[in-house]
Amino acid sequence: MNLALAIRRVIAALLLVITVSAAAFVLARLAPGDETTSDFIAGVDPATIARKRERLGLDRPFAVQLATYVWGILRLDLGESARFERPVASLVAERGANTARLAFAALLLATVLGLPLGVLTGAHARWWGSRLIAVMSIAVLACPPLVAALGLLYLAVSTGWLSAAPGHLFVPALALGLPVAASLERLQSQATRDAMAAPDLLAAAARGIPPRRLVWVHAARQSLRPVLGVYGIVIGSLFSGSLAVEFVTSWPGLGRLMYDAVRAGDVRLVAGCVFAGGVCLAVGNLVADGLRAWADPRVRETA
Amino acid sequence: MRRLAAWVLGGCAVLAAAAPWIAPNDPVSLFADRAFAPPMAWHLRDAEGWHAPFVYRQQLTDRISRTYVEDRQQRVPLRWFSAGRVVAIDPGAGPLLWCGADALGRDLCARLLHGARLSLGVALLGACGALLLGAILGAAAGAAGGRFDTVVMTVADFVLVLPIVYLVIVLRATRPLVIDTAEVFVMMSILFAIAAWPDVARGVRAIVATERTRDYAEAARAAGAGPVRLIGHLVPAAYGFLRVELVLLMPALLVAESTLSFVGFGFDGASPSWGGLLKDSETLTAMYSAPWLLLPAVALFVVVLALQALSGAGATISPGVRRASAVDIAAPRR
Amino acid sequence: MTRSRLIRLVLAVALAVVAILVSRRVGTPQPDGEAGPRRGGRLVASFRTEPTNFNRLVEAQPVARLAALLTQATLLRVDPNSGAFEPRLATAWTGTPDGLTWTFTLRPNVRFSDGTAFTAADVLFTFQALYDERVGSPLASEMRANGQPLQVRALDDHHVVLTFPVPFGPGLTILDSLPILPRHKLQAALDAGTFRAAWSAGVNPADMAGLGPFMLQEYVPAQHMRFVRNPNFWLTDAEGQALPYLDEIEVAIVPEQNAELLRLQAGESDLTTGGTRAEDLAMLRDAEAAGRIRLMNAGTAIDVSTFWFNLTPGAKAVAGKPWLTDESFRRAVSHAVNRQAIVDTVHLGAATPVYGPITPGHGQWFVPGMGETPFDLGRARTLLTSIGLEDRDGDGVLEDKANRPVRFSLLTQRGNTERERTSAVVQEQLRQVGIAVDVVALDGGGLVGRFTSGDYEAIYFGAQSNSADPANNLGFWLSNGGFHYWNPGQVTPATEWEARIDTLMQQQAATMDRAERIRLFTEVQQLVADHVPALWFAAANITVPVNARVGGVTAAAIQPPVLWNAERLYVTSERR
């Protein structure tokens, strides 16, 4: 990738992030309910609610609110959260750091577990172990996320083997990483199988390259293409936080922040979380593209 | 293996289609004193000896602890092919609960069977829509490259980051309060397709973009194949990926169904769905003392497993011909 | 060989899983705390939402109430179970015969947690901040008598005079929710107009000070709040031992209910502060039998969900369905709903059937048998026939005279288990008498949006209410109130009986004599029972689980049910 291309991609990513945050702002404003809905449910009297609406500028026309927001975001000012009465940027950064820690651990786990297992099951499709791994992957995928997280937590507190105290990384990382590992395993398995049947690999096999080298070097490298194609999404989604896992394991991350924001009708915070999600995805795509170029030299010419 | 999988899926389809006759009860009836009732057991013999299959009536002994005992005084014989059902018992002996009851005393078996119709349908339709949309756009982007590629992928990223939940909330607010099930079905399928295509498109694009540099693609281009023809040549390389995506999307969409219903856009209690049943299983109580509530997850697992077996396993475009693999050549006797 | 090693690995993992499943640990019973209160120790509680502001004057959410209860103190306290006044920062108070002017003697030698002396100036400051327009305190409306602020002045450093502008029924009870704030910490912020932000969630605990039993030591965002003993707390127990007993209270923020329960059950936390679902009681009872926790009965809930029809005259949503606003129709629905079945199914028996908004939890205000409409399908059918609703085509659903089916939509709150389940039961029960109900569960925003715009037919919902005194819930009772659900914010009362209720309630709120207030309020309840503007089905019996090692617990049907009395809690053993 040359410099001009890199700059173009960064600009495109920025535009995307700004557009999508503005779109989230519009959607959240159009949705029924606003920052005072939870006060209404809590039984706060109408006069206080009216004062709060005025304080938040909700009485101004929609176009003005949107213009203010977009003008702010162009200067990278995400505004103030109505629920937390704090700047959205600092909230998102604070929780984003937590989520990043968790996501990094989960990503590591998923990659270390998912990709090699995928190569293994793809290369030896008819081995019973492969079948067992495939079944386990599907079990993990079919398990509702809340049940999975709750089950792990249950295991942790009832055996005392894993610390389940809030703030400990292991249980949430496992809960977040396992389903990703399972889907990476499935994708990698199929890609490996496709690669093994490709003419160049057949030729290599015929030339007498040892099977282990064939699988773990030639096929693995080639089969990474499609997996890395969705790797950017995986990175993006992991780093923008998972509600079920953060919720159950009390992890103070972006997923929970987003949920709180949606529940509280905190429009600026919702848009701020979307902003963070957009940044994560853009970075994830860049990383994935870089990895792809490393894994498959042919991409460099096409990118 | 694949035959077994086909049978399992076919069986599911038949069970779902014939739900009104196979389910012993109506899926919306609330049975008094049956909240969280456990599954009933088949019996063949008692103190008096062997009998035709029968069950015992359930009796609630402690409401808060939700303990039920079998009333061993009297056998309740199963009645086959009566009252329009495959199997039923005398209504006086209470409901027949093969899979236990949910929190409101509704028959979980009936809800699972009836729910399969809507949920599997909507997930399958949504997944196929996403695959189709993703394959076409992803392949076109990968084959064309350049500006078109950038635009499609940017749109894909946009969709990925946009909180679809909010889109649904806004959509919901514009619709009348009561939406009929058919409309929910169609709109949900469309939403699923829209929400899930970017994943598919990214993978397909990655495959096609590298595939088009291969010799056969160059040859096709040299032979004067137009862009559409070229895509036709390139897409088969992504078939394996698409199959896996189908397997990955099905459970994800079934879970997403319950998320959508959380913002008021879902099948209501009167039309049971697996998403709703999965939601009910997400409690500590289900794990601790009512494991039958986890049955929907098990059912989902079986369906996805069968789907995986049916779609995977070295399948090629022409079934029956197994593709050679480098492993077979390198180690024929392993 | 890779493969055989892998097989061994898989086997090892499988064995481990089996071992885990087999070794479900049995809890060790804790010795019962008969030895009396023990000083010291640490208690862990959990809370579902994270704090946004530690200043009770600017934040209405329950977590701010919790923080205020732990770190601040009030002039007096109303015992939530007996209703009796308990001296706190004020040791004595005397009133004029008309009940309008009260002179409070403040407790001498009291210091804030930071060592500054507490004086009458702090009381005056608190009232100044409370009524400040820029602060916009959500507490302010509660702290007014008939909409007018109370007057406070200081006689000297230890005596303040509080004057009600008009006779006010709840009287001094309202002081129970007003924490006295430190003037020396907050006066500058109030003057600068930054009062709201002064104690926001990002505050440095050193900038806070309070008169409560504990003080905030640290807040780790979205994880936990740590409160430690306030060395300057001014109360001692009967034996002369300084309170609080505990050294420390940690409030972990656990947003998910199942996870909260799991932590409690496993002994990772000592008490929860949210409600307990009826279905979880089975598991908690097992833990109680194993000696790990105790289940405390906190009485009957005072906020009951309300089922109402849209009675706003001319509401577009109910056009073409005149029967929907007919009193006989509502009465028929009331007879057709089997409240005992709701209690049995939705609450698994842990509730009390109710026929009005006032439950046994309201104490003296509750009138047994008021408005009771027995479950009677025959009576319901007769009433429906009397307004011309009959099943004319034999499809099991009634039709009105114009042959339109009797069908309405019922909105409820998605995610609120009790409301969703009750709606499902009501739907099924009304089907028995030929009324078709479409239950529509919406998220909070959608529901409140439909309600405020009047675009609905019926709703099953309810805003939270914290006070048992009806004069503190005028937003519900008065026809111009925002929570007068069936027809909110009326300019002039739409019906004679609502006008009568308005009069009675205003009279009731302005009466000081308790017996007279009860008499007036009983008349109000009778009017509601006569005209059934809305329906009520069941009030939950609240059970509070606490770890067996926690002593000194007095559970109450308020939020928070145990920590309201934090200074008297103690632990009999250290945490593992």
# chains A, B, ... in the order shown; residues from 1 in each chain; ligands from 1

call {"tool": "closest_atom_pairs", "arguments": {"of": "chain B", "to": "chain C", "cutoff": "8 Å", "atoms": "only C-alpha atoms", "output": "JSON lines"}}
result
{"residue": "B:Ser29", "atom": "CA", "partner": "C:Glu428", "partner_atom": "CA", "distance": 7.3}
{"residue": "B:Leu30", "atom": "CA", "partner": "C:Glu428", "partner_atom": "CA", "distance": 7.3}
{"residue": "B:Ala32", "atom": "CA", "partner": "C:Ala341", "partner_atom": "CA", "distance": 7.3}
{"residue": "B:Asp33", "atom": "CA", "partner": "C:Thr345", "partner_atom": "CA", "distance": 7.1}
{"residue": "B:Ala35", "atom": "CA", "partner": "C:Thr345", "partner_atom": "CA", "distance": 6.1}
{"residue": "B:Arg63", "atom": "CA", "partner": "C:Leu348", "partner_atom": "CA", "distance": 5.7}
{"residue": "B:Ile64", "atom": "CA", "partner": "C:Leu348", "partner_atom": "CA", "distance": 5.4}
{"residue": "B:Ser65", "atom": "CA", "partner": "C:Ala282", "partner_atom": "CA", "distance": 4.2}
{"residue": "B:Arg66", "atom": "CA", "partner": "C:Ala282", "partner_atom": "CA", "distance": 6.9}
{"residue": "B:Ala103", "atom": "CA", "partner": "C:Thr345", "partner_atom": "CA", "distance": 7.5}
{"residue": "B:Leu104", "atom": "CA", "partner": "C:Thr345", "partner_atom": "CA", "distance": 5.9}
{"residue": "B:Gly105", "atom": "CA", "partner": "C:Thr345", "partner_atom": "CA", "distance": 7.5}
{"residue": "B:Ile169", "atom": "CA", "partner": "C:Gly446", "partner_atom": "CA", "distance": 7.9}
{"residue": "B:Ala173", "atom": "CA", "partner": "C:Gly446", "partner_atom": "CA", "distance": 7.1}
{"residue": "B:Leu177", "atom": "CA", "partner": "C:Val440", "partner_atom": "CA", "distance": 7.0}
{"residue": "B:Val178", "atom": "CA", "partner": "C:Val440", "partner_atom": "CA", "distance": 6.8}
{"residue": "B:Phe262", "atom": "CA", "partner": "C:Arg414", "partner_atom": "CA", "distance": 6.2}
{"residue": "B:Val263", "atom": "CA", "partner": "C:Asp443", "partner_atom": "CA", "distance": 5.2}
{"residue": "B:Gly264", "atom": "CA", "partner": "C:Leu442", "partner_atom": "CA", "distance": 4.4}
{"residue": "B:Asp268", "atom": "CA", "partner": "C:Val440", "partner_atom": "CA", "distance": 7.1}
{"residue": "B:Gly269", "atom": "CA", "partner": "C:Ala424", "partner_atom": "CA", "distance": 7.2}
{"residue": "B:Thr283", "atom": "CA", "partner": "C:Asn258", "partner_atom": "CA", "distance": 6.1}
{"residue": "B:Leu284", "atom": "CA", "partner": "C:Asn258", "partner_atom": "CA", "distance": 5.6}
{"residue": "B:Thr285", "atom": "CA", "partner": "C:Asp280", "partner_atom": "CA", "distance": 6.1}
{"residue": "B:Tyr288", "atom": "CA", "partner": "C:Met283", "partner_atom": "CA", "distance": 7.4}
{"residue": "B:Ser289", "atom": "CA", "partner": "C:Met283", "partner_atom": "CA", "distance": 7.4}

call {"tool": "interface_residues", "arguments": {"of": "chain A", "to": "chain B", "cutoff": "6 Å", "atoms": "only C-alpha atoms", "output": "PyMOL selection string"}}
result
chain A and resi 31+139+142-143+146-147+196-197+201-202+205+211+226+229-230+278

call {"tool": "interface_residues", "arguments": {"of": "chain C", "to": "chain A", "cutoff": "8 Å", "atoms": "only C-alpha atoms", "output": "ChimeraX atom specification"}}
result
/C:7,20,23-25,52-53,60-61,136-138,141,197,200-201,221-223,252-256,258-259,262-263,266,268,444-446,448-449,462-465,475,482

call {"tool": "select_by_dssp", "arguments": {"residues": "range 36-159 of chain B", "states": "alpha helix (DSSP H)", "output": "MDAnalysis selection string"}}
result
chainID B and resid 108:144 146:159

call {"tool": "residues_around", "arguments": {"residues": "Arg2 in chain B", "least_positions_apart": "2", "cutoff": "6 Å", "atoms": "only C-alpha atoms", "output": "short mmCIF file (atom, residue, chain, number, x, y, z; two decimals) with N, CA, C and O atoms, in the first residue's frame"}}
result
data_model
loop_
_atom_site.label_atom_id
_atom_site.label_comp_id
_atom_site.auth_asym_id
_atom_site.auth_seq_id
_atom_site.Cartn_x
_atom_site.Cartn_y
_atom_site.Cartn_z
N LEU B 4 -28.29 -38.56 7.19
CA LEU B 4 -28.88 -38.39 8.52
C LEU B 4 -29.30 -36.93 8.72
O LEU B 4 -30.40 -36.63 9.20
N ALA B 5 -28.38 -36.04 8.33
CA ALA B 5 -28.67 -34.61 8.49
C ALA B 5 -29.92 -34.23 7.71
O ALA B 5 -30.78 -33.49 8.19
N ALA B 309 -23.86 -30.25 8.65
CA ALA B 309 -23.51 -31.53 8.05
C ALA B 309 -24.00 -31.58 6.62
O ALA B 309 -23.34 -32.12 5.73
N LEU B 310 -25.16 -31.02 6.38
CA LEU B 310 -25.76 -31.07 5.06
C LEU B 310 -24.99 -30.18 4.09
O LEU B 310 -24.79 -30.52 2.93
#

call {"tool": "residues_around", "arguments": {"residues": "range 523-539 of chain C", "least_positions_apart": "6", "cutoff": "8 Å", "atoms": "only C-alpha atoms", "output": "PyMOL selection string"}}
result
chain C and resi 300-309+327+330-331+334+339+342-343+351-357+359+370-371+486+497+501+504-505

call {"tool": "atom_distance", "arguments": {"atom1": "CA of Leu311 in chain C", "atom2": "CA of His362 in chain C"}}
result
26.9 Å

call {"tool": "closest_residue", "arguments": {"among": "C:Thr71, C:Leu295, C:Ala117, C:Glu50", "to": "Pro545 in chain C", "atoms": "only C-alpha atoms"}}
result
C:Leu295

call {"tool": "closest_residue", "arguments": {"among": "B:Ile22, B:Ala195, B:Ala110, B:Met187", "to": "Phe81 in chain B", "atoms": "only C-alpha atoms"}}
result
B:Ile22

call {"tool": "residues_around", "arguments": {"residues": "Gly284 in chain A", "least_positions_apart": "2", "cutoff": "6 Å", "atoms": "only C-alpha atoms", "output": "ChimeraX atom specification"}}
result
/A:232,235-236,280-282,286-287

call {"tool": "residues_around", "arguments": {"residues": "Val88 in chain A", "least_positions_apart": "2", "cutoff": "10 Å", "atoms": "only C-alpha atoms", "output": "PyMOL selection string"}}
result
chain A and resi 77-82+84-86+90-94+268-273

call {"tool": "write_last_selection", "arguments": {"atoms": "N, CA, C and O atoms", "output": "compact mmCIF listing (two decimals), in the first residue's frame"}}
result
# COMPACT_ATOMS: atom_id res chain seq x y z
N ASP A 77 -15.93 17.11 18.72
CA ASP A 77 -16.54 17.33 20.02
C ASP A 77 -17.84 16.52 20.04
O ASP A 77 -18.77 16.81 19.29
N LEU A 78 -17.88 15.49 20.89
CA LEU A 78 -19.03 14.58 20.87
C LEU A 78 -20.16 15.06 21.78
O LEU A 78 -21.17 14.39 21.93
N GLY A 79 -19.98 16.20 22.41
CA GLY A 79 -21.06 16.73 23.24
C GLY A 79 -21.04 16.14 24.64
O GLY A 79 -20.10 15.45 25.04
N GLU A 80 -22.10 16.41 25.39
CA GLU A 80 -22.19 15.96 26.77
C GLU A 80 -23.31 14.94 26.94
O GLU A 80 -24.38 15.09 26.37
N SER A 81 -23.05 13.91 27.73
CA SER A 81 -24.06 12.90 28.00
C SER A 81 -25.09 13.47 28.98
O SER A 81 -24.72 14.05 29.99
N ALA A 82 -26.36 13.27 28.65
CA ALA A 82 -27.40 13.79 29.53
C ALA A 82 -27.52 12.95 30.78
O ALA A 82 -27.83 13.45 31.86
N PHE A 84 -25.05 10.98 32.27
CA PHE A 84 -23.90 11.04 33.17
C PHE A 84 -23.43 12.46 33.45
O PHE A 84 -22.57 12.67 34.28
N GLU A 85 -23.98 13.42 32.69
CA GLU A 85 -23.58 14.81 32.83
C GLU A 85 -22.07 14.95 32.75
O GLU A 85 -21.44 15.62 33.57
N ARG A 86 -21.51 14.24 31.79
CA ARG A 86 -20.07 14.30 31.56
C ARG A 86 -19.84 14.35 30.06
O ARG A 86 -20.69 13.89 29.29
N SER A 90 -14.96 11.62 27.02
CA SER A 90 -14.20 11.03 28.12
C SER A 90 -14.85 9.73 28.57
O SER A 90 -14.16 8.77 28.92
N LEU A 91 -16.19 9.69 28.57
CA LEU A 91 -16.89 8.46 28.95
C LEU A 91 -16.52 7.33 28.00
O LEU A 91 -16.18 6.22 28.42
N VAL A 92 -16.60 7.63 26.70
CA VAL A 92 -16.34 6.61 25.70
C VAL A 92 -14.88 6.15 25.78
O VAL A 92 -14.58 4.96 25.69
N ALA A 93 -13.98 7.10 26.02
CA ALA A 93 -12.57 6.73 26.11
C ALA A 93 -12.34 5.83 27.32
O ALA A 93 -11.65 4.81 27.23
N GLU A 94 -12.96 6.19 28.44
CA GLU A 94 -12.79 5.43 29.68
C GLU A 94 -13.28 3.98 29.51
O GLU A 94 -12.58 3.03 29.80
N ARG A 268 -26.88 11.71 22.56
CA ARG A 268 -25.48 12.03 22.27
C ARG A 268 -24.56 10.89 22.65
O ARG A 268 -23.57 10.61 21.96
N LEU A 269 -24.89 10.23 23.75
CA LEU A 269 -24.05 9.11 24.17
C LEU A 269 -24.20 7.94 23.19
O LEU A 269 -23.21 7.27 22.86
N VAL A 270 -25.42 7.71 22.71
CA VAL A 270 -25.63 6.66 21.70
C VAL A 270 -24.76 6.96 20.49
O VAL A 270 -23.99 6.11 20.02
N ALA A 271 -24.85 8.20 20.00
CA ALA A 271 -24.08 8.56 18.82
C ALA A 271 -22.58 8.46 19.11
O ALA A 271 -21.81 8.03 18.25
N GLY A 272 -22.19 8.78 20.35
CA GLY A 272 -20.78 8.67 20.72
C GLY A 272 -20.30 7.24 20.70
O GLY A 272 -19.20 6.94 20.24
N CYS A 273 -21.16 6.31 21.18
CA CYS A 273 -20.79 4.90 21.17
C CYS A 273 -20.69 4.41 19.72
O CYS A 273 -19.81 3.61 19.40

call {"tool": "select_by_dssp", "arguments": {"residues": "range 261-376 of chain C", "states": "strand (DSSP E)", "output": "PyMOL selection string"}}
result
chain C and resi 271-272+293-300+306-309+351-353

call {"tool": "write_last_selection", "arguments": {"atoms": "N, CA, C and O atoms", "output": "compact mmCIF listing (two decimals), in the first residue's frame"}}
result
# COMPACT_ATOMS: atom_id res chain seq x y z
N LEU C 271 -25.74 -8.87 50.08
CA LEU C 271 -27.14 -8.54 49.87
C LEU C 271 -27.31 -7.84 48.53
O LEU C 271 -26.38 -7.27 47.99
N THR C 272 -28.53 -7.94 48.01
CA THR C 272 -28.85 -7.27 46.75
C THR C 272 -29.76 -6.09 47.08
O THR C 272 -30.37 -6.05 48.14
N ILE C 293 -27.89 -18.27 53.32
CA ILE C 293 -28.54 -16.96 53.31
C ILE C 293 -29.80 -17.00 54.18
O ILE C 293 -30.26 -18.07 54.57
N ARG C 294 -30.31 -15.82 54.45
CA ARG C 294 -31.60 -15.72 55.15
C ARG C 294 -32.55 -14.96 54.26
O ARG C 294 -32.16 -14.00 53.57
N LEU C 295 -33.81 -15.36 54.24
CA LEU C 295 -34.82 -14.63 53.47
C LEU C 295 -35.64 -13.80 54.44
O LEU C 295 -36.21 -14.33 55.39
N MET C 296 -35.68 -12.50 54.21
CA MET C 296 -36.40 -11.61 55.11
C MET C 296 -37.67 -11.15 54.40
O MET C 296 -37.65 -10.80 53.23
N ASN C 297 -38.74 -11.10 55.17
CA ASN C 297 -39.99 -10.62 54.61
C ASN C 297 -40.07 -9.11 54.83
O ASN C 297 -39.96 -8.63 55.94
N ALA C 298 -40.26 -8.38 53.74
CA ALA C 298 -40.29 -6.91 53.85
C ALA C 298 -41.69 -6.36 53.66
O ALA C 298 -41.86 -5.16 53.46
N GLY C 299 -42.69 -7.21 53.68
CA GLY C 299 -44.06 -6.71 53.57
C GLY C 299 -44.53 -6.62 52.13
O GLY C 299 -43.92 -7.14 51.20
N THR C 300 -45.65 -5.93 51.94
CA THR C 300 -46.27 -5.84 50.64
C THR C 300 -45.82 -4.58 49.91
O THR C 300 -45.69 -3.53 50.53
N THR C 306 -50.70 -0.54 37.18
CA THR C 306 -52.07 -0.12 36.92
C THR C 306 -52.49 -0.53 35.52
O THR C 306 -51.71 -0.43 34.58
N PHE C 307 -53.70 -1.01 35.40
CA PHE C 307 -54.28 -1.34 34.09
C PHE C 307 -55.35 -0.30 33.82
O PHE C 307 -56.31 -0.17 34.58
N TRP C 308 -55.16 0.48 32.74
CA TRP C 308 -56.19 1.49 32.50
C TRP C 308 -56.52 1.60 31.02
O TRP C 308 -55.71 1.23 30.16
N PHE C 309 -57.72 2.09 30.76
CA PHE C 309 -58.15 2.37 29.39
C PHE C 309 -57.98 3.87 29.15
O PHE C 309 -57.99 4.66 30.09
N ALA C 351 -47.71 -12.92 46.49
CA ALA C 351 -48.33 -11.62 46.24
C ALA C 351 -49.69 -11.60 46.92
O ALA C 351 -50.17 -12.62 47.42
N THR C 352 -50.30 -10.43 46.94
CA THR C 352 -51.61 -10.27 47.54
C THR C 352 -52.53 -9.70 46.47
O THR C 352 -52.17 -8.72 45.82
N PRO C 353 -53.71 -10.29 46.27
CA PRO C 353 -54.62 -9.70 45.28
C PRO C 353 -55.07 -8.33 45.76
O PRO C 353 -55.35 -8.15 46.94

call {"tool": "atom_distance", "arguments": {"atom1": "CA of Asp46 in chain B", "atom2": "CA of Ile89 in chain B"}}
result
18.1 Å

call {"tool": "residues_around", "arguments": {"residues": "Val76 in chain B", "least_positions_apart": "3", "cutoff": "8 Å", "atoms": "only C-alpha atoms", "output": "list in words"}}
result
Phe54, Val55, Tyr56, Arg57, Ile89, Asp90 and Ala93 of chain B

call {"tool": "write_last_selection", "arguments": {"atoms": "C-alpha atoms", "output": "mmCIF file, in the first residue's frame"}}
result
data_model
loop_
_atom_site.group_PDB
_atom_site.id
_atom_site.type_symbol
_atom_site.label_atom_id
_atom_site.label_comp_id
_atom_site.auth_asym_id
_atom_site.auth_seq_id
_atom_site.Cartn_x
_atom_site.Cartn_y
_atom_site.Cartn_z
ATOM 1 C CA PHE B 54 -49.180 -44.108 30.264
ATOM 2 C CA VAL B 55 -48.322 -41.072 32.349
ATOM 3 C CA TYR B 56 -49.139 -39.894 35.830
ATOM 4 C CA ARG B 57 -50.982 -36.721 36.588
ATOM 5 C CA ILE B 89 -54.698 -37.633 27.454
ATOM 6 C CA ASP B 90 -58.042 -37.174 29.088
ATOM 7 C CA ALA B 93 -56.095 -35.321 34.051
#
